[in-house]
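Data from entry.cif: mmCIF, C-alpha atoms
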data_model
loop_
_atom_site.label_atom_id
_atom_site.label_comp_id
_atom_site.auth_asym_id
_atom_site.auth_seq_id
_atom_site.Cartn_x
_atom_site.Cartn_y
_atom_site.Cartn_z
CA MET N 1 -15.84 165.58 129.50
CA ILE N 2 -16.73 161.97 130.30
CA VAL N 3 -15.87 160.88 133.85
CA SER N 4 -15.59 157.34 135.20
CA PHE N 5 -16.01 156.64 138.94
CA THR N 6 -14.82 153.91 141.28
CA THR N 7 -16.00 154.06 144.88
CA LEU N 8 -14.68 152.03 147.78
CA GLY N 9 -15.91 151.87 151.34
CA CYS N 10 -18.95 153.02 153.24
CA LYS N 11 -22.29 154.59 152.36
CA THR N 12 -20.85 158.02 153.14
CA ASN N 13 -18.35 157.50 150.34
CA GLN N 14 -21.19 156.35 148.09
CA PHE N 15 -23.12 159.50 148.94
CA GLU N 16 -20.11 161.70 148.21
CA THR N 17 -19.51 160.01 144.87
CA GLY N 18 -23.14 160.66 143.99
CA ALA N 19 -22.70 164.30 144.96
CA LEU N 20 -19.59 164.63 142.77
CA GLN N 21 -21.50 163.11 139.87
CA ALA N 22 -24.39 165.53 140.40
CA LEU N 23 -22.01 168.50 140.45
CA LEU N 24 -20.36 167.33 137.23
CA VAL N 25 -23.68 166.75 135.45
CA ASP N 26 -24.86 170.21 136.54
CA ARG N 27 -21.78 171.61 134.78
CA GLY N 28 -22.59 169.80 131.57
CA HIS N 29 -20.33 166.75 131.89
CA GLN N 30 -21.21 163.07 131.46
CA ILE N 31 -20.77 160.06 133.73
CA ALA N 32 -19.16 157.17 131.87
CA ALA N 33 -21.24 154.10 131.19
CA PRO N 34 -19.70 150.70 132.05
CA GLY N 35 -16.92 149.98 129.56
CA GLU N 36 -16.94 153.49 128.10
CA ILE N 37 -13.53 155.17 127.75
CA ALA N 38 -13.39 158.29 129.92
CA ASP N 39 -11.51 161.58 129.83
CA ALA N 40 -11.08 161.44 133.59
CA VAL N 41 -11.13 158.68 136.21
CA VAL N 42 -12.16 159.48 139.79
CA VAL N 43 -11.30 156.98 142.53
CA ASN N 44 -12.98 157.67 145.86
CA THR N 45 -10.77 155.75 148.30
CA CYS N 46 -11.26 154.00 151.62
CA ALA N 47 -8.71 153.50 154.41
CA VAL N 48 -10.66 151.83 157.20
CA THR N 49 -8.41 148.73 157.01
CA ALA N 50 -5.10 147.86 155.41
CA GLU N 51 -7.03 145.73 152.93
CA SER N 52 -9.31 148.60 151.89
CA SER N 53 -6.22 150.77 151.37
CA ARG N 54 -4.71 148.06 149.16
CA LYS N 55 -7.91 147.83 147.13
CA SER N 56 -7.95 151.61 146.75
CA ARG N 57 -4.42 151.64 145.34
CA GLN N 58 -5.36 148.77 143.06
CA ALA N 59 -8.37 150.76 141.79
CA VAL N 60 -6.11 153.68 140.88
CA ARG N 61 -3.82 151.40 138.87
CA ARG N 62 -6.79 149.72 137.18
CA GLY N 63 -8.29 153.09 136.26
CA ARG N 64 -5.11 154.10 134.47
CA ALA N 65 -4.90 150.76 132.65
CA GLU N 66 -8.54 150.79 131.53
CA HIS N 67 -8.59 154.46 130.50
CA PRO N 68 -5.24 155.19 128.82
CA GLY N 69 -4.59 158.89 128.53
CA ALA N 70 -7.28 159.85 131.05
CA ILE N 71 -6.69 162.22 133.95
CA ILE N 72 -6.50 160.19 137.18
CA ALA N 73 -8.11 162.00 140.11
CA VAL N 74 -8.15 160.51 143.61
CA CYS N 75 -10.07 161.59 146.69
CA GLY N 76 -11.36 160.09 149.93
CA CYS N 77 -9.91 158.76 153.15
CA LEU N 78 -6.74 157.10 151.86
CA SER N 79 -5.59 160.17 149.96
CA GLN N 80 -6.42 162.33 153.01
CA LEU N 81 -4.25 160.17 155.25
CA SER N 82 -1.50 159.16 152.83
CA PRO N 83 -1.25 161.57 149.89
CA ALA N 84 2.33 160.44 149.25
CA GLU N 85 1.07 156.92 148.53
CA ILE N 86 -1.23 158.31 145.86
CA GLU N 87 1.44 160.61 144.43
CA ALA N 88 3.63 157.52 144.03
CA LEU N 89 0.90 156.11 141.77
CA GLU N 90 1.31 159.20 139.57
CA ALA N 91 -2.22 160.51 140.03
CA ASP N 92 -2.87 163.85 138.35
CA LEU N 93 -5.19 165.32 140.99
CA ILE N 94 -5.28 164.40 144.68
CA TYR N 95 -7.83 165.63 147.19
CA GLY N 96 -8.85 164.25 150.57
CA THR N 97 -12.25 164.25 152.26
CA ALA N 98 -13.21 167.90 151.82
CA ASP N 99 -13.94 170.62 149.23
CA ARG N 100 -15.84 168.63 146.61
CA GLU N 101 -16.80 171.67 144.54
CA ALA N 102 -13.16 172.75 144.38
CA PHE N 103 -12.26 169.18 143.41
CA VAL N 104 -14.68 169.33 140.47
CA THR N 105 -13.25 172.68 139.34
CA ASP N 106 -9.69 171.37 139.54
CA LEU N 107 -10.73 168.22 137.67
CA GLU N 108 -12.04 170.36 134.81
CA GLN N 109 -8.77 172.28 134.75
CA ALA N 110 -6.69 169.09 134.82
CA VAL N 111 -8.55 167.73 131.79
CA ALA N 112 -7.94 171.09 130.09
CA GLY N 113 -4.20 170.69 130.61
CA ALA N 114 -3.39 172.04 134.09
CA SER N 115 -0.43 170.62 136.00
CA SER N 116 -0.77 167.86 138.59
CA ARG N 117 -2.05 169.09 141.93
CA THR N 118 -2.36 167.82 145.51
CA VAL N 119 -4.80 169.62 147.84
CA ILE N 120 -4.97 168.18 151.36
CA ASP N 121 -6.18 170.16 154.38
CA GLU N 122 -5.81 169.44 158.10
CA ALA N 123 -8.94 167.41 158.86
CA ASN N 124 -8.82 168.15 162.60
CA THR N 125 -9.32 171.89 161.95
CA ARG N 126 -12.67 171.52 160.16
CA ASN N 127 -15.65 173.12 161.87
CA THR N 128 -18.38 173.31 159.23
CA PHE N 129 -20.48 170.72 157.43
CA GLU N 130 -20.05 170.67 153.67
CA ILE N 131 -23.52 170.74 152.12
CA LEU N 132 -23.70 168.61 148.98
CA PRO N 133 -26.54 167.56 146.68
CA PRO N 134 -28.26 164.34 147.88
CA GLY N 135 -28.76 161.51 145.46
CA GLY N 136 -29.71 157.96 144.67
CA MET N 137 -28.06 154.57 144.81
CA ASP N 138 -30.38 152.43 142.69
CA GLY N 139 -32.12 154.40 139.96
CA ARG N 140 -35.03 156.12 141.67
CA VAL N 141 -35.48 153.44 144.33
CA ARG N 142 -33.12 154.23 147.22
CA ALA N 143 -31.42 157.52 148.04
CA LEU N 144 -28.80 158.57 150.55
CA LEU N 145 -28.97 161.59 152.82
CA LYS N 146 -25.69 162.47 154.53
CA VAL N 147 -26.45 164.31 157.76
CA GLN N 148 -23.15 164.23 159.62
CA ASP N 149 -19.41 163.97 159.08
CA GLY N 150 -16.46 163.31 161.35
CA CYS N 151 -16.05 161.33 164.57
CA ASP N 152 -14.83 162.18 168.07
CA ASN N 153 -14.78 158.63 169.47
CA TYR N 154 -11.17 157.70 168.62
CA CYS N 155 -11.66 153.96 169.11
CA THR N 156 -8.23 152.39 169.38
CA TYR N 157 -8.55 150.37 166.15
CA CYS N 158 -9.99 153.10 163.93
CA ILE N 159 -8.20 155.59 161.68
CA ILE N 160 -11.31 157.39 160.45
CA PRO N 161 -11.34 160.31 162.96
CA TYR N 162 -7.94 161.29 161.55
CA ALA N 163 -9.28 161.14 158.00
CA ARG N 164 -12.58 162.91 158.65
CA GLY N 165 -11.95 165.31 161.50
CA PRO N 166 -14.34 166.29 164.30
CA VAL N 167 -18.12 165.95 164.25
CA ARG N 168 -19.99 168.39 162.01
CA SER N 169 -23.75 168.25 161.42
CA ILE N 170 -26.02 169.36 158.60
CA PRO N 171 -28.53 172.07 159.64
CA LEU N 172 -31.85 170.41 160.45
CA GLU N 173 -33.76 172.58 157.99
CA THR N 174 -31.36 171.60 155.20
CA ALA N 175 -31.85 167.90 155.92
CA VAL N 176 -35.61 168.40 155.82
CA GLU N 177 -35.47 170.23 152.50
CA GLN N 178 -33.23 167.58 150.96
CA ALA N 179 -35.57 164.82 152.14
CA LYS N 180 -38.51 166.61 150.52
CA GLU N 181 -36.48 167.04 147.33
CA LEU N 182 -35.74 163.32 147.17
CA ALA N 183 -39.39 162.44 147.76
CA GLN N 184 -40.46 164.76 144.94
CA ALA N 185 -37.84 163.17 142.66
CA GLY N 186 -39.63 159.83 142.99
CA TYR N 187 -37.40 157.89 145.37
CA ARG N 188 -39.14 155.33 147.57
CA GLU N 189 -36.60 154.93 150.36
CA LEU N 190 -34.08 157.23 152.04
CA VAL N 191 -31.06 156.06 154.03
CA ILE N 192 -29.83 158.49 156.68
CA THR N 193 -26.06 158.18 156.69
CA GLY N 194 -22.89 159.75 158.02
CA ILE N 195 -19.62 158.76 159.61
CA GLU N 196 -21.21 158.45 163.06
CA ILE N 197 -24.83 159.58 162.94
CA SER N 198 -25.40 159.05 166.65
CA SER N 199 -23.18 162.12 167.19
CA TYR N 200 -25.46 164.32 165.07
CA GLY N 201 -25.84 167.72 166.79
CA LYS N 202 -22.89 167.23 169.13
CA ASP N 203 -21.22 170.24 167.53
CA HIS N 204 -24.23 172.39 168.47
CA PRO N 205 -25.11 171.33 172.05
CA ASP N 206 -28.15 173.62 172.28
CA GLY N 207 -29.56 172.44 168.95
CA PRO N 208 -31.38 169.31 167.74
CA ASP N 209 -29.96 165.84 168.35
CA VAL N 210 -30.15 162.70 166.22
CA VAL N 211 -33.66 161.83 167.46
CA ASP N 212 -34.90 165.28 166.48
CA LEU N 213 -33.27 164.83 163.08
CA ILE N 214 -34.81 161.42 162.39
CA ALA N 215 -38.24 162.59 163.52
CA ALA N 216 -38.04 165.70 161.32
CA VAL N 217 -37.01 163.71 158.23
CA CYS N 218 -39.74 161.10 158.81
CA GLN N 219 -42.32 163.86 159.15
CA ALA N 220 -41.04 165.82 156.14
CA ALA N 221 -41.21 162.81 153.78
CA PRO N 222 -44.09 160.60 154.97
CA GLY N 223 -44.23 158.82 151.61
CA LEU N 224 -40.60 157.67 151.86
CA ARG N 225 -39.34 154.74 153.83
CA ILE N 226 -36.70 156.10 156.19
CA ARG N 227 -33.83 153.73 156.96
CA LEU N 228 -31.09 154.47 159.47
CA GLY N 229 -27.36 154.01 159.18
CA SER N 230 -25.28 152.53 161.97
CA LEU N 231 -26.15 153.64 165.51
CA GLU N 232 -24.16 153.59 168.72
CA PRO N 233 -25.90 151.60 171.50
CA ARG N 234 -25.90 154.61 173.81
CA THR N 235 -28.33 156.33 171.42
CA VAL N 236 -31.05 153.72 171.87
CA THR N 237 -32.95 154.69 174.98
CA THR N 238 -36.60 154.38 175.99
CA ALA N 239 -37.11 158.00 174.86
CA PHE N 240 -35.48 157.26 171.48
CA CYS N 241 -37.80 154.33 170.85
CA GLU N 242 -40.99 155.95 172.09
CA ARG N 243 -40.46 159.09 170.03
CA LEU N 244 -39.61 157.31 166.79
CA ALA N 245 -42.36 154.70 167.14
CA GLU N 246 -44.75 157.51 166.14
CA PHE N 247 -43.54 157.30 162.53
CA PRO N 248 -44.84 154.38 160.45
CA ASN N 249 -42.38 155.16 157.65
CA LEU N 250 -39.33 154.49 159.86
CA CYS N 251 -37.96 151.10 158.85
CA PRO N 252 -37.70 148.63 161.76
CA HIS N 253 -34.10 147.78 160.92
CA PHE N 254 -31.40 148.92 163.31
CA HIS N 255 -27.69 148.41 162.72
CA LEU N 256 -26.40 148.66 166.26
CA SER N 257 -22.61 148.80 166.48
CA LEU N 258 -21.13 146.03 168.69
CA GLN N 259 -17.52 145.12 167.67
CA SER N 260 -17.08 142.68 170.57
CA GLY N 261 -19.24 140.73 173.01
CA SER N 262 -16.48 140.80 175.64
CA ASP N 263 -16.40 143.70 178.08
CA GLU N 264 -12.62 143.37 178.46
CA THR N 265 -12.14 143.68 174.71
CA LEU N 266 -14.62 146.55 174.46
CA THR N 267 -12.55 148.44 177.03
CA GLN N 268 -9.36 147.82 175.06
CA MET N 269 -11.11 148.99 171.90
CA GLY N 270 -12.11 152.25 173.58
CA ARG N 271 -15.81 151.58 173.08
CA LYS N 272 -18.10 153.56 175.36
CA TYR N 273 -20.60 150.90 176.45
CA THR N 274 -20.75 147.49 178.10
CA THR N 275 -22.52 144.34 177.00
CA VAL N 276 -25.15 145.04 179.67
CA GLN N 277 -25.87 148.47 178.18
CA TYR N 278 -25.96 146.94 174.71
CA THR N 279 -28.49 144.35 175.89
CA GLU N 280 -30.65 147.13 177.33
CA ALA N 281 -30.67 148.83 173.94
CA LEU N 282 -31.73 145.56 172.29
CA THR N 283 -34.56 145.21 174.79
CA HIS N 284 -35.80 148.74 174.11
CA LEU N 285 -35.83 148.14 170.34
CA ARG N 286 -37.58 144.80 170.41
CA LYS N 287 -40.18 145.95 172.89
CA THR N 288 -41.07 149.01 170.79
CA PHE N 289 -40.61 147.70 167.23
CA PRO N 290 -42.02 144.16 166.92
CA ASN N 291 -40.14 141.93 164.46
CA CYS N 292 -37.44 144.56 164.00
CA ALA N 293 -34.15 143.37 162.57
CA VAL N 294 -31.06 144.17 164.60
CA THR N 295 -27.80 143.76 162.72
CA THR N 296 -24.25 144.48 163.79
CA ASP N 297 -20.49 144.17 163.16
CA LEU N 298 -18.03 141.97 165.03
CA ILE N 299 -14.23 142.23 165.09
CA VAL N 300 -12.41 139.05 166.15
CA GLY N 301 -8.75 138.63 166.97
CA PHE N 302 -8.31 142.09 168.47
CA PRO N 303 -4.92 142.50 170.22
CA GLY N 304 -5.04 140.74 173.58
CA GLU N 305 -8.36 139.00 172.89
CA SER N 306 -8.05 135.70 174.74
CA GLU N 307 -9.86 132.53 173.75
CA ALA N 308 -12.20 133.18 176.67
CA ASP N 309 -12.91 136.70 175.39
CA PHE N 310 -13.63 135.31 171.94
CA LEU N 311 -16.02 132.70 173.35
CA GLU N 312 -17.79 135.47 175.29
CA SER N 313 -18.40 137.21 171.95
CA ILE N 314 -19.79 134.02 170.45
CA THR N 315 -22.11 133.54 173.42
CA PHE N 316 -23.25 137.15 173.13
CA LEU N 317 -24.06 136.71 169.43
CA ARG N 318 -26.29 133.76 170.22
CA THR N 319 -27.99 135.49 173.15
CA ALA N 320 -28.59 138.68 171.18
CA ALA N 321 -30.12 136.69 168.28
CA PHE N 322 -29.00 139.11 165.59
CA ALA N 323 -30.65 139.04 162.18
CA ALA N 324 -27.25 139.46 160.48
CA VAL N 325 -23.66 140.09 161.53
CA HIS N 326 -20.68 141.27 159.50
CA VAL N 327 -17.65 139.45 160.92
CA PHE N 328 -14.18 140.91 160.40
CA PRO N 329 -10.82 139.54 161.49
CA TYR N 330 -8.93 142.41 163.13
CA SER N 331 -6.77 144.30 160.66
CA ALA N 332 -3.97 146.42 162.12
CA ARG N 333 -4.11 149.97 160.77
CA GLU N 334 -0.90 151.99 160.99
CA GLY N 335 -1.52 155.18 162.93
CA THR N 336 -3.95 153.68 165.44
CA ALA N 337 -3.31 152.85 169.08
CA ALA N 338 -4.31 149.21 168.60
CA ALA N 339 -1.58 148.64 166.01
CA LYS N 340 1.00 149.32 168.74
CA MET N 341 -0.64 147.16 171.42
CA PRO N 342 1.14 144.07 172.74
CA ASN N 343 -0.23 140.56 172.27
CA GLN N 344 -1.14 140.90 168.60
CA ILE N 345 -3.07 137.81 167.51
CA PRO N 346 -1.42 135.89 164.63
CA LYS N 347 -3.28 136.17 161.33
CA PRO N 348 -4.07 132.44 161.08
CA GLU N 349 -5.75 132.58 164.49
CA ARG N 350 -7.71 135.68 163.50
CA ARG N 351 -8.92 133.86 160.40
CA ARG N 352 -9.87 130.80 162.47
CA ARG N 353 -11.94 132.91 164.82
CA ALA N 354 -13.60 134.72 161.93
CA LYS N 355 -14.53 131.39 160.36
CA ALA N 356 -15.92 130.04 163.62
CA ALA N 357 -17.93 133.22 164.23
CA GLY N 358 -19.19 133.09 160.64
CA GLU N 359 -20.61 129.62 161.19
CA VAL N 360 -22.55 130.87 164.21
CA VAL N 361 -23.78 133.88 162.24
CA ARG N 362 -25.08 131.72 159.41
CA GLY N 363 -27.18 129.82 161.94
CA LEU N 364 -28.55 133.06 163.38
CA GLU N 365 -29.45 134.34 159.92
CA GLN N 366 -31.21 131.06 159.09
CA THR N 367 -33.22 131.27 162.31
CA TRP N 368 -34.17 134.87 161.57
CA HIS N 369 -35.25 134.15 158.02
CA THR N 370 -37.26 131.11 159.07
CA ALA N 371 -39.15 133.26 161.58
CA GLN N 372 -40.35 135.50 158.72
CA VAL N 373 -42.13 132.64 156.90
CA GLY N 374 -45.89 133.12 156.94
CA GLN N 375 -45.75 136.87 157.46
CA VAL N 376 -47.11 139.44 155.02
CA MET N 377 -44.77 142.41 154.51
CA ASP N 378 -44.52 145.31 152.11
CA VAL N 379 -41.59 144.78 149.74
CA LEU N 380 -39.87 147.57 147.84
CA PHE N 381 -38.76 145.96 144.57
CA GLU N 382 -35.43 147.13 143.21
CA SER N 383 -34.34 144.83 140.40
CA GLU N 384 -35.42 142.06 138.05
CA ALA N 385 -33.56 139.10 136.52
CA ALA N 386 -34.46 135.72 135.09
CA GLY N 387 -38.17 136.19 135.68
CA GLN N 388 -37.75 137.13 139.33
CA CYS N 389 -38.09 140.47 141.06
CA ARG N 390 -35.89 141.23 144.05
CA GLY N 391 -36.56 143.70 146.83
CA HIS N 392 -36.41 144.36 150.54
CA THR N 393 -38.87 144.34 153.41
CA PRO N 394 -38.91 147.23 155.90
CA ASN N 395 -36.76 145.10 158.22
CA TYR N 396 -34.32 144.62 155.33
CA CYS N 397 -34.87 141.00 154.42
CA THR N 398 -34.12 140.24 150.78
CA VAL N 399 -37.24 138.86 149.05
CA LEU N 400 -37.53 137.16 145.66
CA VAL N 401 -40.87 136.89 143.87
CA ARG N 402 -41.58 135.07 140.62
CA SER N 403 -42.92 138.04 138.64
CA THR N 404 -41.85 140.86 136.33
CA GLY N 405 -42.31 144.62 136.04
CA LEU N 406 -42.30 145.43 139.76
CA GLU N 407 -39.23 147.68 139.95
CA ASN N 408 -39.71 150.73 142.19
CA GLN N 409 -43.07 149.45 143.44
CA ILE N 410 -44.01 148.62 147.02
CA ARG N 411 -46.24 145.56 147.10
CA PRO N 412 -47.58 143.32 149.90
CA VAL N 413 -45.92 139.91 149.81
CA ARG N 414 -46.52 136.74 151.78
CA ILE N 415 -43.28 134.98 152.76
CA ILE N 416 -43.55 131.29 151.87
CA ASP N 417 -40.02 129.88 152.06
CA VAL N 418 -36.32 130.51 152.63
CA SER N 419 -33.55 130.11 150.06
CA GLU N 420 -29.81 130.75 149.99
CA GLU N 421 -30.49 134.10 148.30
CA GLY N 422 -33.10 135.29 150.77
CA LEU N 423 -36.81 134.85 151.35
CA ILE N 424 -39.20 133.47 148.76
CA GLY N 425 -42.49 135.34 148.54
CA GLU N 426 -45.73 135.46 146.63
CA LEU N 427 -47.58 138.62 145.71
CA MET N 428 -50.82 139.28 147.56
CA LEU N 429 -53.56 139.92 144.99
#

As a first step, turn the structure in this file into structure tokens.
Amino acid sequence: MIVSFTTLGCKTNQFETGALQALLVDRGHQIAAPGEIADAVVVNTCAVTAESSRKSRQAVRRGRAEHPGAIIAVCGCLSQLSPAEIEALEADLIYGTADREAFVTDLEQAVAGASSRTVIDEANTRNTFEILPPGGMDGRVRALLKVQDGCDNYCTYCIIPYARGPVRSIPLETAVEQAKELAQAGYRELVITGIEISSYGKDHPDGPDVVDLIAAVCQAAPGLRIRLGSLEPRTVTTAFCERLAEFPNLCPHFHLSLQSGSDETLTQMGRKYTTVQYTEALTHLRKTFPNCAVTTDLIVGFPGESEADFLESITFLRTAAFAAVHVFPYSAREGTAAAKMPNQIPKPERRRRAKAAGEVVRGLEQTWHTAQVGQVMDVLFESEAAGQCRGHTPNYCTVLVRSTGLENQIRPVRIIDVSEEGLIGELML
């Protein structure tokens, strides 16, 4: 059969889509090319915000319209949390966030004529990590390695612990073997991902932790750049930095979760750090990894966030001098504690704050990019268009070079200018 995929949400979802595709190909099936009519449509949904849920439902409808007569199969966080919503869209097969091999088997049976089926487990009862085949995002350039699933933090705004269940970790030896496999397959960069990778090993207190995992993967695949997914600030200690500084293939790019620069708001969010602790983590990183990029996420308009709290966040952004920030206006998610909190901020005010924060962020990004001019950095080239090759530095700056034929190569580049699309570079001969 020919199977079309639509994936919404995070890198973990992207990894899981890649794993489903690998399982299907191993069974002799084909992945649909863009525009090709498929026998089955798989929509891997997201539910992190109300907007992502809306887009997921829209993707299901679009899949049916674009592939008339195809089996519509839905999986992921939205179907885990709200299977009735997906049943209302008349999907033929509905799974949640578990049992991918069973999903593939049921998909084959649905295409062969089996009746519609919904298979949803209780996420909070899961206690084992589902080992899936690792895979790539961009040809043979960048691959994903999922090392952890689930979350035990239960931040007041977040629905994901209910969709993913408790923390489960991949065995260290399995992660090492998968990293070696990806290196042998010709990938140049590996992204360590999961729902909350800082919690790696929490389910096995006497076993390795996330630092042991990162060190083992770096050592197992010395020819691969190793890039990290989002980290909690509490993870970044002096010991974390000193241990990982031993590995030249670890990319100096750290996405350090913030959400708010106001301690009052952080408390209301249920975050487990203060702005002082966050600043300490920044200091550790910048002392140990010169010219490292630190990026983050910011939620504005959280219930009860005063104008003073918002301005504290803006001040913190400037003081922290982030390389990039994803700014989100708070989106109430049914089923979370924050959705029931008093003093909900009106949507127009949330949008105003997001716009104001975005203006500050653009200035920070400009300052960061300008600071890279004159430096020579190794760029992993990923794509080519209109006589230009595009790639990323180890600290994840986008670089454009006037050249051709560089895809999947790592080349030294001198940064000579800044543009709206990223940095402008010239190849070092």

Any chance you could resolve the PyMOL selection byres ((chain N and resi 218) around 9) against this file and give the residues as a PDB file with C-alpha atoms, keeping the file's coordinate frame?
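Okay, this is what ended up in result_30.pdb:
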ATOM      1  CA  VAL N 176     -35.610 168.400 155.820  1.00  0.00           C
ATOM      2  CA  ALA N 179     -35.570 164.820 152.140  1.00  0.00           C
ATOM      3  CA  LEU N 213     -33.270 164.830 163.080  1.00  0.00           C
ATOM      4  CA  ILE N 214     -34.810 161.420 162.390  1.00  0.00           C
ATOM      5  CA  ALA N 215     -38.240 162.590 163.520  1.00  0.00           C
ATOM      6  CA  ALA N 216     -38.040 165.700 161.320  1.00  0.00           C
ATOM      7  CA  VAL N 217     -37.010 163.710 158.230  1.00  0.00           C
ATOM      8  CA  GLN N 219     -42.320 163.860 159.150  1.00  0.00           C
ATOM      9  CA  ALA N 220     -41.040 165.820 156.140  1.00  0.00           C
ATOM     10  CA  ALA N 221     -41.210 162.810 153.780  1.00  0.00           C
ATOM     11  CA  PRO N 222     -44.090 160.600 154.970  1.00  0.00           C
ATOM     12  CA  GLY N 223     -44.230 158.820 151.610  1.00  0.00           C
ATOM     13  CA  LEU N 224     -40.600 157.670 151.860  1.00  0.00           C
ATOM     14  CA  ARG N 225     -39.340 154.740 153.830  1.00  0.00           C
ATOM     15  CA  ILE N 226     -36.700 156.100 156.190  1.00  0.00           C
ATOM     16  CA  LEU N 244     -39.610 157.310 166.790  1.00  0.00           C
ATOM     17  CA  PHE N 247     -43.540 157.300 162.530  1.00  0.00           C
ATOM     18  CA  PRO N 248     -44.840 154.380 160.450  1.00  0.00           C
ATOM     19  CA  ASN N 249     -42.380 155.160 157.650  1.00  0.00           C
ATOM     20  CA  LEU N 250     -39.330 154.490 159.860  1.00  0.00           C
TER      21      LEU N 250
END

One-decimal distance in Å that lies between CA of Ala143 (chain N) and CA of Phe5 (chain N):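 Interatomic distance, CA of Phe5 (chain N) to CA of Ala143 (chain N): 17.9 Å.
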
Using all atoms listed in the file, determine which residues lie at most 8 Å from Ile159 (chain N), disregarding the query and same-chain residues fewer than 5 positions distant; provide the list as a list in words.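 Counting only the stated atoms, we get Ala47, Val48, Tyr154, Arg333, Gly335 and Thr336 of chain N.
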
Residues near region 385-399 of chain N, cut-off 7 Å, only C-alpha atoms, skip fewer than 4 positions along chain, as a list in words: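 The residues satisfying every condition are Cys251, Pro252, His253, Cys292, Ala293, Met377, Asp378, Val379, Leu380, Phe381, Ser403, Thr404, Leu406, Gly422, Leu423, Ile424 and Gly425 of chain N.
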
I want to know what sits within 10 Å of region 105-119 of chain N, based on all atoms listed in the file, with residues of the same chain fewer than 3 positions away left out; could you give that as JSON, numbers by chain? {"N": [1, 3, 23, 24, 27, 29, 39, 40, 41, 42, 70, 71, 72, 73, 74, 75, 79, 80, 83, 84, 86, 87, 90, 91, 92, 93, 94, 95, 96, 98, 99, 100, 101, 102]}

For Tyr200 (chain N), please output as a PDB file with C-alpha atoms, in the frame of the given file all residues within 7 Å (counting all atoms listed in the file; exclusion window: fewer than 3 positions along the same chain).
ATOM      1  CA  GLN N 148     -23.150 164.230 159.620  1.00  0.00           C
ATOM      2  CA  SER N 169     -23.750 168.250 161.420  1.00  0.00           C
ATOM      3  CA  ILE N 197     -24.830 159.580 162.940  1.00  0.00           C
ATOM      4  CA  ASP N 209     -29.960 165.840 168.350  1.00  0.00           C
ATOM      5  CA  VAL N 210     -30.150 162.700 166.220  1.00  0.00           C
TER       6      VAL N 210
END

Tell me, in Å to one decimal, how far CA of Asn127 (chain N) is from CA of Ser56 (chain N).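 Interatomic distance, CA of Asn127 (chain N) to CA of Ser56 (chain N): 27.4 Å.
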
Sphere at (-23.1, 158.7, 168.8), radius 12 Å, counting all atoms listed in the file: residues as JSON, numbers by chain: {"N": [148, 149, 150, 151, 152, 153, 154, 167, 194, 195, 196, 197, 198, 199, 200, 201, 202, 203, 209, 210, 211, 229, 230, 231, 232, 233, 234, 235, 236, 256, 257, 271, 272, 273]}

Take every atom of region 228-243 of chain N listed in the file, fit an axis-aligned box around them, add 5 Å per side, and give the centre and edge lengths in Å to one decimal as JSON.
{"center_x": -32.6, "center_y": 155.3, "center_z": 167.6, "size_x": 26.8, "size_y": 17.5, "size_z": 26.8}

If you apply the PyMOL selection byres ((chain N and resi 8-10) around 9) to this file, what residues do you get, as an MDAnalysis selection string? chainID N and resid 6:7 11:15 43:48 52 55:56 59 76 195

Written selection (C-alpha atoms) as an mmCIF file, keeping the file's coordinate frame:
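part.cif, written as the output of this step:
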data_model
loop_
_atom_site.group_PDB
_atom_site.id
_atom_site.type_symbol
_atom_site.label_atom_id
_atom_site.label_comp_id
_atom_site.auth_asym_id
_atom_site.auth_seq_id
_atom_site.Cartn_x
_atom_site.Cartn_y
_atom_site.Cartn_z
ATOM 1 C CA THR N 6 -14.820 153.910 141.280
ATOM 2 C CA THR N 7 -16.000 154.060 144.880
ATOM 3 C CA LYS N 11 -22.290 154.590 152.360
ATOM 4 C CA THR N 12 -20.850 158.020 153.140
ATOM 5 C CA ASN N 13 -18.350 157.500 150.340
ATOM 6 C CA GLN N 14 -21.190 156.350 148.090
ATOM 7 C CA PHE N 15 -23.120 159.500 148.940
ATOM 8 C CA VAL N 43 -11.300 156.980 142.530
ATOM 9 C CA ASN N 44 -12.980 157.670 145.860
ATOM 10 C CA THR N 45 -10.770 155.750 148.300
ATOM 11 C CA CYS N 46 -11.260 154.000 151.620
ATOM 12 C CA ALA N 47 -8.710 153.500 154.410
ATOM 13 C CA VAL N 48 -10.660 151.830 157.200
ATOM 14 C CA SER N 52 -9.310 148.600 151.890
ATOM 15 C CA LYS N 55 -7.910 147.830 147.130
ATOM 16 C CA SER N 56 -7.950 151.610 146.750
ATOM 17 C CA ALA N 59 -8.370 150.760 141.790
ATOM 18 C CA GLY N 76 -11.360 160.090 149.930
ATOM 19 C CA ILE N 195 -19.620 158.760 159.610
#

Which residues of region 125-221 of chain N have any atom within 9 Å of an atom in region 16-20 of chain N when counting only C-alpha atoms, and what is the closest pair of atoms for each, with the distance in Å to one decimal? Order the rows by chain and rising number and write it as a Markdown table.
| residue | atom | partner | partner_atom | distance |
| --- | --- | --- | --- | --- |
| N:Leu132 | CA | N:Ala19 | CA | 6.0 |
| N:Pro133 | CA | N:Ala19 | CA | 5.3 |
| N:Pro134 | CA | N:Ala19 | CA | 6.3 |
| N:Gly135 | CA | N:Gly18 | CA | 5.9 |
| N:Gly136 | CA | N:Gly18 | CA | 7.1 |
| N:Met137 | CA | N:Gly18 | CA | 7.9 |
| N:Leu144 | CA | N:Gly18 | CA | 8.9 |
| N:Lys146 | CA | N:Glu16 | CA | 8.5 |

Rank N:Val147, N:Ala163, N:Ala332, N:Val25 by their smallest atom-to-atom distance to Ser82 (chain N), using only C-alpha atoms, and report the top residue only. N:Ala163
